[in-house]
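Enquirer: The following file, final.cif, comprises mmCIF, C-alpha atoms:
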```
data_structure
loop_
_atom_site.group_PDB
_atom_site.id
_atom_site.type_symbol
_atom_site.label_atom_id
_atom_site.label_comp_id
_atom_site.auth_asym_id
_atom_site.auth_seq_id
_atom_site.Cartn_x
_atom_site.Cartn_y
_atom_site.Cartn_z
ATOM 1 C CA MET A 1 -7.568 20.229 11.153
ATOM 2 C CA GLY A 2 -10.536 22.406 12.100
ATOM 3 C CA GLY A 3 -9.292 25.113 9.764
ATOM 4 C CA LYS A 4 -5.861 25.312 11.411
ATOM 5 C CA GLU A 5 -2.714 24.362 9.549
ATOM 6 C CA TYR A 6 -0.296 22.047 11.307
ATOM 7 C CA GLY A 7 1.935 20.934 8.448
ATOM 8 C CA VAL A 8 2.579 20.742 4.732
ATOM 9 C CA TYR A 9 2.791 17.822 2.359
ATOM 10 C CA TYR A 10 6.450 17.447 1.530
ATOM 11 C CA LYS A 11 6.609 14.094 -0.245
ATOM 12 C CA ALA A 12 4.229 12.367 -2.639
ATOM 13 C CA ALA A 13 4.313 8.774 -3.827
ATOM 14 C CA ASN A 14 3.128 6.932 -6.901
ATOM 15 C CA LYS A 15 2.038 3.558 -5.501
ATOM 16 C CA SER A 16 0.688 2.139 -8.765
ATOM 17 C CA LEU A 17 3.875 0.593 -10.103
ATOM 18 C CA ILE A 18 5.442 -2.809 -10.638
ATOM 19 C CA TRP A 19 9.243 -2.945 -10.730
ATOM 20 C CA TYR A 20 10.922 -5.797 -12.587
ATOM 21 C CA ASN A 21 14.265 -7.412 -13.343
ATOM 22 C CA ASN A 22 14.812 -6.699 -17.021
ATOM 23 C CA GLN A 23 17.270 -9.565 -17.561
ATOM 24 C CA VAL A 24 14.675 -12.051 -16.302
ATOM 25 C CA PHE A 25 12.055 -10.607 -18.656
ATOM 26 C CA GLU A 26 14.460 -10.751 -21.611
ATOM 27 C CA ASN A 27 15.451 -14.335 -20.834
ATOM 28 C CA ALA A 28 11.798 -15.348 -20.597
ATOM 29 C CA GLY A 29 10.687 -13.390 -23.633
ATOM 30 C CA ALA A 30 8.213 -11.531 -21.443
ATOM 31 C CA SER A 31 6.836 -8.065 -22.166
ATOM 32 C CA GLU A 32 5.394 -5.303 -20.016
ATOM 33 C CA PRO A 33 1.664 -5.953 -19.440
ATOM 34 C CA GLU A 34 -0.990 -3.283 -19.795
ATOM 35 C CA THR A 35 -4.015 -5.161 -18.469
ATOM 36 C CA TRP A 36 -4.616 -7.635 -15.633
ATOM 37 C CA PRO A 37 -4.994 -10.606 -18.017
ATOM 38 C CA ASP A 38 -1.719 -9.492 -19.626
ATOM 39 C CA LEU A 39 -0.095 -9.506 -16.178
ATOM 40 C CA LEU A 40 -1.244 -13.078 -15.554
ATOM 41 C CA ASN A 41 0.155 -14.117 -18.945
ATOM 42 C CA THR A 42 3.454 -12.371 -18.208
ATOM 43 C CA ALA A 43 3.630 -14.092 -14.825
ATOM 44 C CA GLN A 44 3.101 -17.484 -16.457
ATOM 45 C CA THR A 45 5.764 -16.739 -19.077
ATOM 46 C CA VAL A 46 8.249 -15.819 -16.352
ATOM 47 C CA TYR A 47 7.283 -18.881 -14.311
ATOM 48 C CA ASP A 48 7.796 -21.143 -17.323
ATOM 49 C CA SER A 49 11.326 -19.722 -17.691
ATOM 50 C CA GLY A 50 12.200 -20.965 -14.209
ATOM 51 C CA VAL A 51 11.843 -17.777 -12.141
ATOM 52 C CA THR A 52 9.113 -17.086 -9.566
ATOM 53 C CA PRO A 53 7.015 -14.169 -10.859
ATOM 54 C CA PHE A 54 6.291 -12.080 -7.758
ATOM 55 C CA SER A 55 8.006 -10.888 -4.618
ATOM 56 C CA VAL A 56 5.577 -9.846 -1.871
ATOM 57 C CA GLY A 57 6.616 -8.088 1.341
ATOM 58 C CA GLY A 58 3.816 -9.607 3.369
ATOM 59 C CA ALA A 59 5.491 -9.066 6.737
ATOM 60 C CA GLU A 60 4.284 -5.461 6.434
ATOM 61 C CA GLY A 61 0.522 -5.459 5.939
ATOM 62 C CA TRP A 62 0.465 -2.117 4.156
ATOM 63 C CA THR A 63 2.065 -3.676 1.087
ATOM 64 C CA LEU A 64 -0.978 -5.949 0.788
ATOM 65 C CA THR A 65 -3.380 -3.023 1.138
ATOM 66 C CA ASP A 66 -1.578 -1.410 -1.817
ATOM 67 C CA TRP A 67 -2.267 -4.485 -3.952
ATOM 68 C CA PHE A 68 -5.945 -4.360 -2.951
ATOM 69 C CA GLU A 69 -6.296 -0.615 -3.513
ATOM 70 C CA ASN A 70 -4.831 -0.743 -7.016
ATOM 71 C CA VAL A 71 -7.119 -3.586 -8.036
ATOM 72 C CA TYR A 72 -10.164 -1.990 -6.389
ATOM 73 C CA LEU A 73 -9.634 1.517 -7.819
ATOM 74 C CA SER A 74 -9.239 0.192 -11.362
ATOM 75 C CA GLN A 75 -12.015 -2.392 -11.146
ATOM 76 C CA ALA A 76 -14.670 -0.603 -9.060
ATOM 77 C CA GLY A 77 -13.801 2.960 -10.082
ATOM 78 C CA PRO A 78 -13.026 6.198 -8.194
ATOM 79 C CA GLU A 79 -16.573 6.769 -6.868
ATOM 80 C CA LYS A 80 -16.809 3.355 -5.206
ATOM 81 C CA TYR A 81 -13.242 3.785 -3.956
ATOM 82 C CA ASP A 82 -14.242 6.992 -2.171
ATOM 83 C CA GLN A 83 -17.325 5.346 -0.687
ATOM 84 C CA LEU A 84 -15.342 2.402 0.685
ATOM 85 C CA ALA A 85 -12.593 4.700 1.985
ATOM 86 C CA GLN A 86 -15.237 6.621 3.989
ATOM 87 C CA HIS A 87 -17.089 3.411 4.949
ATOM 88 C CA LYS A 88 -20.204 4.645 3.174
ATOM 89 C CA ILE A 89 -20.454 1.192 1.655
ATOM 90 C CA LYS A 90 -19.619 -1.986 3.542
ATOM 91 C CA TRP A 91 -16.699 -4.301 2.983
ATOM 92 C CA THR A 92 -19.293 -6.977 2.284
ATOM 93 C CA ASP A 93 -20.201 -5.068 -0.902
ATOM 94 C CA PRO A 94 -19.997 -7.117 -4.134
ATOM 95 C CA SER A 95 -17.282 -4.761 -5.427
ATOM 96 C CA VAL A 96 -14.970 -5.927 -2.613
ATOM 97 C CA LYS A 97 -15.750 -9.545 -3.487
ATOM 98 C CA ASP A 98 -14.770 -8.827 -7.085
ATOM 99 C CA ALA A 99 -11.461 -7.244 -6.043
ATOM 100 C CA LEU A 100 -10.545 -10.082 -3.675
ATOM 101 C CA THR A 101 -11.471 -12.629 -6.353
ATOM 102 C CA THR A 102 -9.143 -10.825 -8.769
ATOM 103 C CA LEU A 103 -6.334 -10.698 -6.196
ATOM 104 C CA ALA A 104 -6.724 -14.429 -5.592
ATOM 105 C CA GLN A 105 -5.706 -15.021 -9.200
ATOM 106 C CA VAL A 106 -2.186 -14.148 -8.062
ATOM 107 C CA TRP A 107 -2.242 -14.762 -4.313
ATOM 108 C CA GLY A 108 -3.982 -18.099 -4.821
ATOM 109 C CA LYS A 109 -1.010 -19.474 -6.744
ATOM 110 C CA PRO A 110 1.760 -20.176 -4.188
ATOM 111 C CA ASP A 111 4.231 -20.932 -6.968
ATOM 112 C CA TYR A 112 3.763 -17.381 -8.245
ATOM 113 C CA ILE A 113 5.032 -15.872 -4.964
ATOM 114 C CA ALA A 114 8.609 -16.133 -3.715
ATOM 115 C CA GLY A 115 8.582 -18.420 -0.681
ATOM 116 C CA GLY A 116 4.843 -19.008 -1.052
ATOM 117 C CA ALA A 117 2.426 -17.254 1.277
ATOM 118 C CA ASN A 118 4.252 -18.313 4.442
ATOM 119 C CA GLY A 119 7.564 -17.151 3.039
ATOM 120 C CA ALA A 120 6.122 -13.842 1.878
ATOM 121 C CA LEU A 121 4.792 -13.167 5.377
ATOM 122 C CA GLN A 122 8.394 -13.249 6.635
ATOM 123 C CA VAL A 123 9.641 -10.735 4.060
ATOM 124 C CA ASP A 124 9.655 -7.007 4.879
ATOM 125 C CA PHE A 125 9.288 -4.315 2.248
ATOM 126 C CA PRO A 126 12.995 -3.546 1.610
ATOM 127 C CA ALA A 127 13.778 -7.262 1.246
ATOM 128 C CA SER A 128 10.836 -7.714 -1.137
ATOM 129 C CA VAL A 129 12.546 -5.241 -3.461
ATOM 130 C CA THR A 130 16.138 -6.418 -3.113
ATOM 131 C CA GLN A 131 15.298 -10.061 -3.758
ATOM 132 C CA VAL A 132 14.071 -9.075 -7.238
ATOM 133 C CA PHE A 133 17.364 -7.372 -8.041
ATOM 134 C CA THR A 134 19.940 -9.714 -6.535
ATOM 135 C CA GLY A 135 21.003 -13.166 -7.705
ATOM 136 C CA GLY A 136 21.897 -12.274 -11.287
ATOM 137 C CA ASP A 137 19.458 -13.689 -13.829
ATOM 138 C CA GLN A 138 18.095 -16.135 -11.245
ATOM 139 C CA PRO A 139 16.717 -13.861 -8.514
ATOM 140 C CA LYS A 140 14.114 -15.068 -6.023
ATOM 141 C CA ALA A 141 11.434 -13.245 -8.031
ATOM 142 C CA ALA A 142 11.032 -11.245 -11.225
ATOM 143 C CA MET A 143 8.623 -8.490 -10.139
ATOM 144 C CA VAL A 144 7.519 -6.530 -7.093
ATOM 145 C CA ALA A 145 4.507 -4.222 -6.779
ATOM 146 C CA ALA A 146 5.991 -1.182 -5.051
ATOM 147 C CA GLY A 147 5.867 2.604 -5.082
ATOM 148 C CA ASP A 148 8.436 4.885 -6.638
ATOM 149 C CA PHE A 149 10.287 4.970 -3.300
ATOM 150 C CA ALA A 150 11.360 1.349 -3.899
ATOM 151 C CA GLN A 151 14.180 2.839 -5.949
ATOM 152 C CA VAL A 152 16.248 3.423 -2.801
ATOM 153 C CA ASN A 153 16.172 -0.342 -2.082
ATOM 154 C CA ILE A 154 17.420 -1.358 -5.533
ATOM 155 C CA PRO A 155 21.149 -2.222 -5.368
ATOM 156 C CA SER A 156 23.402 0.402 -6.937
ATOM 157 C CA THR A 157 24.806 -2.286 -9.241
ATOM 158 C CA MET A 158 21.435 -2.349 -11.028
ATOM 159 C CA LYS A 159 20.996 0.628 -13.321
ATOM 160 C CA ILE A 160 17.517 2.176 -13.163
ATOM 161 C CA GLY A 161 15.903 2.061 -16.585
ATOM 162 C CA THR A 162 18.273 -0.580 -17.922
ATOM 163 C CA ASP A 163 18.590 -3.411 -15.382
ATOM 164 C CA ALA A 164 15.724 -2.358 -13.112
ATOM 165 C CA LYS A 165 12.632 -1.282 -14.991
ATOM 166 C CA VAL A 166 9.082 -0.386 -14.029
ATOM 167 C CA PHE A 167 5.609 -0.386 -15.563
ATOM 168 C CA PRO A 168 2.278 1.061 -14.367
ATOM 169 C CA PHE A 169 0.068 -1.273 -12.338
ATOM 170 C CA PRO A 170 -2.036 -2.941 -15.052
ATOM 171 C CA ALA A 171 -5.627 -1.951 -15.690
ATOM 172 C CA VAL A 172 -8.153 -4.323 -14.149
ATOM 173 C CA GLY A 173 -11.117 -2.250 -15.323
ATOM 174 C CA ASP A 174 -11.359 0.400 -18.031
ATOM 175 C CA ASN A 175 -8.500 2.514 -16.663
ATOM 176 C CA GLY A 176 -5.247 1.791 -14.920
ATOM 177 C CA PRO A 177 -5.123 2.878 -11.268
ATOM 178 C CA VAL A 178 -3.077 5.738 -9.847
ATOM 179 C CA VAL A 179 -2.907 5.393 -6.067
ATOM 180 C CA SER A 180 -0.905 8.040 -4.248
ATOM 181 C CA GLY A 181 0.675 8.292 -0.843
ATOM 182 C CA GLY A 182 2.056 11.313 0.934
ATOM 183 C CA ASP A 183 4.194 12.392 3.871
ATOM 184 C CA ALA A 184 3.560 15.630 5.731
ATOM 185 C CA ALA A 185 6.084 17.769 7.591
ATOM 186 C CA VAL A 186 4.168 18.528 10.773
ATOM 187 C CA ILE A 187 4.857 21.303 13.264
ATOM 188 C CA LEU A 188 4.452 19.933 16.790
ATOM 189 C CA GLU A 189 5.461 23.112 18.630
ATOM 190 C CA ASP A 190 4.989 26.429 16.906
ATOM 191 C CA SER A 191 7.887 28.837 16.462
ATOM 192 C CA LYS A 192 9.307 31.150 13.811
ATOM 193 C CA GLY A 193 11.975 28.549 13.050
ATOM 194 C CA ALA A 194 9.414 25.772 12.631
ATOM 195 C CA GLN A 195 7.290 27.963 10.352
ATOM 196 C CA ALA A 196 10.355 28.864 8.273
ATOM 197 C CA LEU A 197 11.370 25.209 7.939
ATOM 198 C CA ALA A 198 7.859 24.114 6.904
ATOM 199 C CA THR A 199 7.665 26.967 4.394
ATOM 200 C CA TRP A 200 11.040 25.927 2.950
ATOM 201 C CA LEU A 201 10.080 22.247 2.745
ATOM 202 C CA ALA A 202 6.931 23.172 0.809
ATOM 203 C CA SER A 203 8.924 25.127 -1.761
ATOM 204 C CA PRO A 204 10.101 23.939 -5.185
ATOM 205 C CA ASP A 205 13.695 24.775 -4.176
ATOM 206 C CA ALA A 206 13.715 22.234 -1.347
ATOM 207 C CA ALA A 207 11.948 19.630 -3.484
ATOM 208 C CA GLN A 208 14.496 19.920 -6.279
ATOM 209 C CA ILE A 209 17.331 19.159 -3.868
ATOM 210 C CA GLN A 210 15.552 16.024 -2.671
ATOM 211 C CA ALA A 211 14.418 15.014 -6.171
ATOM 212 C CA LYS A 212 17.993 14.770 -7.440
ATOM 213 C CA LEU A 213 18.694 12.032 -4.869
ATOM 214 C CA GLY A 214 16.094 9.658 -6.342
ATOM 215 C CA GLY A 215 13.277 7.693 -4.721
ATOM 216 C CA TYR A 216 11.314 10.883 -4.087
ATOM 217 C CA LEU A 217 8.376 12.688 -5.687
ATOM 218 C CA SER A 218 7.290 16.201 -4.841
ATOM 219 C CA PRO A 219 3.604 17.120 -4.424
ATOM 220 C CA ASN A 220 4.505 20.622 -5.661
ATOM 221 C CA LYS A 221 3.478 20.988 -9.312
ATOM 222 C CA ASN A 222 6.028 23.783 -9.781
ATOM 223 C CA VAL A 223 8.912 21.301 -9.539
ATOM 224 C CA PRO A 224 10.161 20.768 -13.109
ATOM 225 C CA ASN A 225 10.246 17.220 -14.423
ATOM 226 C CA SER A 226 13.925 17.731 -15.245
ATOM 227 C CA ALA A 227 14.673 17.826 -11.488
ATOM 228 C CA TYR A 228 14.340 14.047 -11.294
ATOM 229 C CA PRO A 229 17.573 12.099 -11.820
ATOM 230 C CA ASN A 230 16.557 9.702 -14.601
ATOM 231 C CA ALA A 231 13.957 9.095 -17.284
ATOM 232 C CA VAL A 232 12.204 6.441 -15.182
ATOM 233 C CA GLN A 233 11.695 8.794 -12.248
ATOM 234 C CA GLN A 234 10.567 11.560 -14.595
ATOM 235 C CA LYS A 235 7.955 9.242 -16.132
ATOM 236 C CA ILE A 236 6.690 8.236 -12.676
ATOM 237 C CA ALA A 237 6.372 11.871 -11.596
ATOM 238 C CA LYS A 238 4.537 12.795 -14.809
ATOM 239 C CA ALA A 239 2.069 9.924 -14.312
ATOM 240 C CA LEU A 240 0.910 11.421 -11.009
ATOM 241 C CA ILE A 241 0.303 14.834 -12.579
ATOM 242 C CA ASP A 242 -1.341 13.407 -15.708
ATOM 243 C CA ALA A 243 -3.778 11.367 -13.598
ATOM 244 C CA GLY A 244 -5.701 14.583 -12.920
ATOM 245 C CA ASP A 245 -8.856 13.991 -10.886
ATOM 246 C CA ASP A 246 -8.697 10.211 -11.259
ATOM 247 C CA PHE A 247 -5.848 9.560 -8.833
ATOM 248 C CA ARG A 248 -6.775 8.614 -5.282
ATOM 249 C CA PHE A 249 -4.960 8.816 -1.956
ATOM 250 C CA ASP A 250 -4.029 5.533 -0.280
ATOM 251 C CA MET A 251 -7.240 4.094 1.180
ATOM 252 C CA SER A 252 -5.763 2.504 4.305
ATOM 253 C CA ASP A 253 -4.026 5.804 5.118
ATOM 254 C CA GLN A 254 -7.442 7.500 5.081
ATOM 255 C CA ALA A 255 -8.912 4.970 7.505
ATOM 256 C CA PRO A 256 -8.811 5.135 11.313
ATOM 257 C CA GLN A 257 -5.459 3.789 12.472
ATOM 258 C CA ALA A 258 -7.060 0.839 14.264
ATOM 259 C CA PHE A 259 -8.323 -0.427 10.912
ATOM 260 C CA GLY A 260 -5.857 0.809 8.302
ATOM 261 C CA GLY A 261 -2.558 1.367 10.059
ATOM 262 C CA THR A 262 -1.817 -1.014 12.925
ATOM 263 C CA PRO A 263 0.509 -4.026 12.559
ATOM 264 C CA GLY A 264 -1.181 -7.295 13.464
ATOM 265 C CA LYS A 265 -4.667 -5.778 13.472
ATOM 266 C CA GLY A 266 -7.456 -4.604 11.202
ATOM 267 C CA GLU A 267 -7.031 -4.573 7.445
ATOM 268 C CA TRP A 268 -3.308 -5.365 7.606
ATOM 269 C CA LYS A 269 -3.810 -8.591 9.558
ATOM 270 C CA ILE A 270 -6.919 -9.674 7.655
ATOM 271 C CA LEU A 271 -5.185 -9.300 4.291
ATOM 272 C CA GLN A 272 -2.195 -11.232 5.639
ATOM 273 C CA ASP A 273 -4.619 -14.005 6.553
ATOM 274 C CA PHE A 274 -6.186 -13.735 3.104
ATOM 275 C CA LEU A 275 -2.761 -14.143 1.508
ATOM 276 C CA LYS A 276 -2.506 -17.463 3.361
ATOM 277 C CA ASN A 277 -6.050 -18.514 2.475
ATOM 278 C CA PRO A 278 -7.287 -16.628 -0.613
ATOM 279 C CA LYS A 279 -10.217 -19.022 -1.054
ATOM 280 C CA ASP A 280 -11.999 -17.530 1.972
ATOM 281 C CA ILE A 281 -13.369 -14.456 0.240
ATOM 282 C CA ALA A 282 -16.677 -14.232 2.102
ATOM 283 C CA GLY A 283 -14.999 -14.792 5.468
ATOM 284 C CA THR A 284 -12.400 -12.140 4.664
ATOM 285 C CA GLN A 285 -15.118 -9.652 3.738
ATOM 286 C CA ALA A 286 -17.004 -10.342 6.966
ATOM 287 C CA LYS A 287 -13.865 -9.805 9.064
ATOM 288 C CA LEU A 288 -12.989 -6.605 7.201
ATOM 289 C CA GLU A 289 -16.492 -5.228 7.740
ATOM 290 C CA ALA A 290 -16.555 -6.112 11.441
ATOM 291 C CA GLU A 291 -13.188 -4.429 12.041
ATOM 292 C CA ALA A 292 -14.077 -1.412 9.913
ATOM 293 C CA ALA A 293 -17.438 -0.895 11.644
ATOM 294 C CA ALA A 294 -15.706 -0.903 15.028
ATOM 295 C CA ALA A 295 -12.929 1.470 13.912
ATOM 296 C CA TYR A 296 -15.238 3.930 12.153
ATOM 297 C CA GLY A 297 -17.700 3.825 15.037
ATOM 298 C CA ASP A 298 -20.618 2.634 12.906
#
```
Could you rewrite the structure in this file as structure tokens?

Expert:
Amino acid sequence: MGGKEYGVYYKAANKSLIWYNNQVFENAGASEPETWPDLLNTAQTVYDSGVTPFSVGGAEGWTLTDWFENVYLSQAGPEKYDQLAQHKIKWTDPSVKDALTTLAQVWGKPDYIAGGANGALQVDFPASVTQVFTGGDQPKAAMVAAGDFAQVNIPSTMKIGTDAKVFPFPAVGDNGPVVSGGDAAVILEDSKGAQALATWLASPDAAQIQAKLGGYLSPNKNVPNSAYPNAVQQKIAKALIDAGDDFRFDMSDQAPQAFGGTPGKGEWKILQDFLKNPKDIAGTQAKLEAEAAAAYGD
């Protein structure tokens, strides 16, 4: 900030993933989708087998922003994504309408979401993951859109890569999205000890210790892929690196907190309302723009 360092990025996240219950997919004869139309077909196949396709942790608005960001980045492209993240284009832009219209293809089907919209709004993020991987071959849902860190919420009885599998968030446009998150270790009061700790946390040595525990990605490119505990985690880590210049940082995390990071307000609340009423696309855009303009000071 202002040329002065206060912290270091210690943890990265790949937020462009959909985890699924492999037994449910096998029973349904479903396959991993690569495109958005494929995803809709897979959801219908799973639904026809008697299992609700999606688990959504709508009680925490950030999970809904992740859905939007993945659709928007793939459909509108990185340049538009950057413009919207900086509020250089308005939320009333046609590209936002397109993304919300696409989202409504899932959110507008209550039978596709465990508990329907009202039920989803009572489910927090950890529960949205566990309800996909509990209940044997009849869980509450087959899939959950969640970052790599969802691994820590998957019951230990479910083996990663065998029982619990994952595929990249499907491409809506020409390319699949890679949305990243990140956690920084921040020094609040400077000291030699604090500097030493931050330096250590930024190192490959510290990252390799954490990587072995699972549910963690390092932003340090010098961490070998072999440091991750299983093939699934290694693939997820490689996807972030391979994305090159096309990956983008979580949009709501770039926004002023009043718009992108406050429970019950701003983008979180408006997308929760949209989950309940996904037909109101124009109204949702107008609300998003009004809140964004106020938060960005435009």

Enquirer: What lies within 9 Å of Pro170 of chain A using all atoms listed in the file, ignoring chain neighbours under 4 positions off, as a VMD selection string?

Expert: chain A and resid 16 to 18 33 to 39 70 to 71 74 175 to 177

Enquirer: Would you please work out which residue, of A:Pro94, A:Pro219, A:Pro53, A:Gly260, is nearest to Ala282 of chain A when using all atoms listed in the file?

Expert: A:Pro94

Enquirer: Neighbours of Lys279 of chain A within 10 Å (all atoms listed in the file; same-chain residues fewer than 5 positions away dropped), as a list in words?

Expert: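 Residues near the query, excluding close chain neighbours: Leu100, Thr101, Ala104, Trp107, Gly108, Phe274 and Thr284 of chain A.
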
Enquirer: On this structure, the PyMOL selection byres ((chain A and resi 92) around 10) would catch which residues? List them as a ChimeraX atom specification, sorted by chain and number.

Expert: /A:89-91,93-97,281-290

Enquirer: Taking the file as shown, find all residues satisfying the PyMOL selection byres ((chain A and resi 116) around 12) and write them as a count of residues only.

Expert: 29

Enquirer: Just to confirm, what's the straight-line distance from atom CA of Asn27 of chain A to atom CA of Gly50 of chain A in Å (one decimal)?

Expert: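 Atom-to-atom, atom CA of Asn27 of chain A and atom CA of Gly50 of chain A are spaced 9.9 Å apart.
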
Enquirer: Counting all atoms listed in the file, which residue out of A:Gln210, A:Thr102, A:Ser49, A:Asn220 sits closest to Ala12 of chain A?

Expert: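 Answer, going by the shortest atom-to-atom distance: A:Asn220.
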
Enquirer: What box, with edges along x, y and z, holds each listed atom of segment 254-258 of chain A when 8 Å is added on every side, and can you state its centre and edge lengths in Å to one decimal, as JSON?

Expert:
```
{"center_x": -7.2, "center_y": 4.2, "center_z": 9.7, "size_x": 19.5, "size_y": 22.7, "size_z": 25.2}
```

Enquirer: Between atom CA of Ala243 of chain A and atom CA of Gly261 of chain A, what is the distance, to one decimal in Å?

Expert: 25.7 Å

Enquirer: When you draw a straight line from atom CA of Tyr47 of chain A to atom CA of Ala28 of chain A, how long is it in Å?

Expert: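 Those two atoms sit 8.5 Å apart.
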
Enquirer: My list of candidates is A:Thr162, A:Trp268, A:Ala185, A:Gln44. Which is closest to Ala231 of chain A when distances are computed with all atoms listed in the file?

Expert: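 Counting all atoms listed in the file, the residue closest to Ala231 of chain A is A:Thr162.
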
Enquirer: Of the candidates A:Gly266, A:Pro256, A:Pro278, A:Pro229, which one gets nearest to Gln86 of chain A if we count all atoms listed in the file?

Expert: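 Closest residue, counting all atoms listed in the file: A:Pro256.
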
Enquirer: For a quick check of understanding, using only C-alpha atoms, which of A:Leu73, A:Ala295, A:Val51, A:Ile160 has the smallest distance to Pro139 of chain A?

Expert: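 Result for the nearest residue to Pro139 of chain A: A:Val51.
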
Enquirer: Run through the PyMOL selection byres ((chain A and resi 85) around 12) on the given coordinates and return the selected residues as a PyMOL selection string.

Expert: chain A and resi 69+72-73+78-84+86-91+96+248-256+259-260+292+296

Enquirer: Please produce a file of those selected residues containing C-alpha atoms, as a compact mmCIF listing (two decimals), in the frame of the given file.

Expert:
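Ended up saving to out-v5.txt:
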```txt
# COMPACT_ATOMS: atom_id res chain seq x y z
CA GLU A 69 -6.30 -0.62 -3.51
CA TYR A 72 -10.16 -1.99 -6.39
CA LEU A 73 -9.63 1.52 -7.82
CA PRO A 78 -13.03 6.20 -8.19
CA GLU A 79 -16.57 6.77 -6.87
CA LYS A 80 -16.81 3.36 -5.21
CA TYR A 81 -13.24 3.78 -3.96
CA ASP A 82 -14.24 6.99 -2.17
CA GLN A 83 -17.32 5.35 -0.69
CA LEU A 84 -15.34 2.40 0.68
CA GLN A 86 -15.24 6.62 3.99
CA HIS A 87 -17.09 3.41 4.95
CA LYS A 88 -20.20 4.64 3.17
CA ILE A 89 -20.45 1.19 1.66
CA LYS A 90 -19.62 -1.99 3.54
CA TRP A 91 -16.70 -4.30 2.98
CA VAL A 96 -14.97 -5.93 -2.61
CA ARG A 248 -6.78 8.61 -5.28
CA PHE A 249 -4.96 8.82 -1.96
CA ASP A 250 -4.03 5.53 -0.28
CA MET A 251 -7.24 4.09 1.18
CA SER A 252 -5.76 2.50 4.30
CA ASP A 253 -4.03 5.80 5.12
CA GLN A 254 -7.44 7.50 5.08
CA ALA A 255 -8.91 4.97 7.50
CA PRO A 256 -8.81 5.14 11.31
CA PHE A 259 -8.32 -0.43 10.91
CA GLY A 260 -5.86 0.81 8.30
CA ALA A 292 -14.08 -1.41 9.91
CA TYR A 296 -15.24 3.93 12.15
```

Enquirer: Pick out the closest residue to Pro224 of chain A from this set: A:Thr130, A:Thr157, A:Gln208, A:Gln272. Count only C-alpha atoms.

Expert: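 Closest residue, counting only C-alpha atoms: A:Gln208.
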
Enquirer: Write out as a PyMOL selection string which residues come within 8 Å of Ala207 of chain A when counting all atoms listed in the file, dropping same-chain ones fewer than 4 positions away.

Expert: chain A and resi 10+201-203+211+218+220+223

Enquirer: Up to 12 Å from (9.2, -8.7, -21.0) in the file's coordinates: name the residues, counting all atoms listed in the file, as number ranges by chain.

Expert: A: 19-34, 38-39, 41-46, 49, 53, 142-143, 165-167
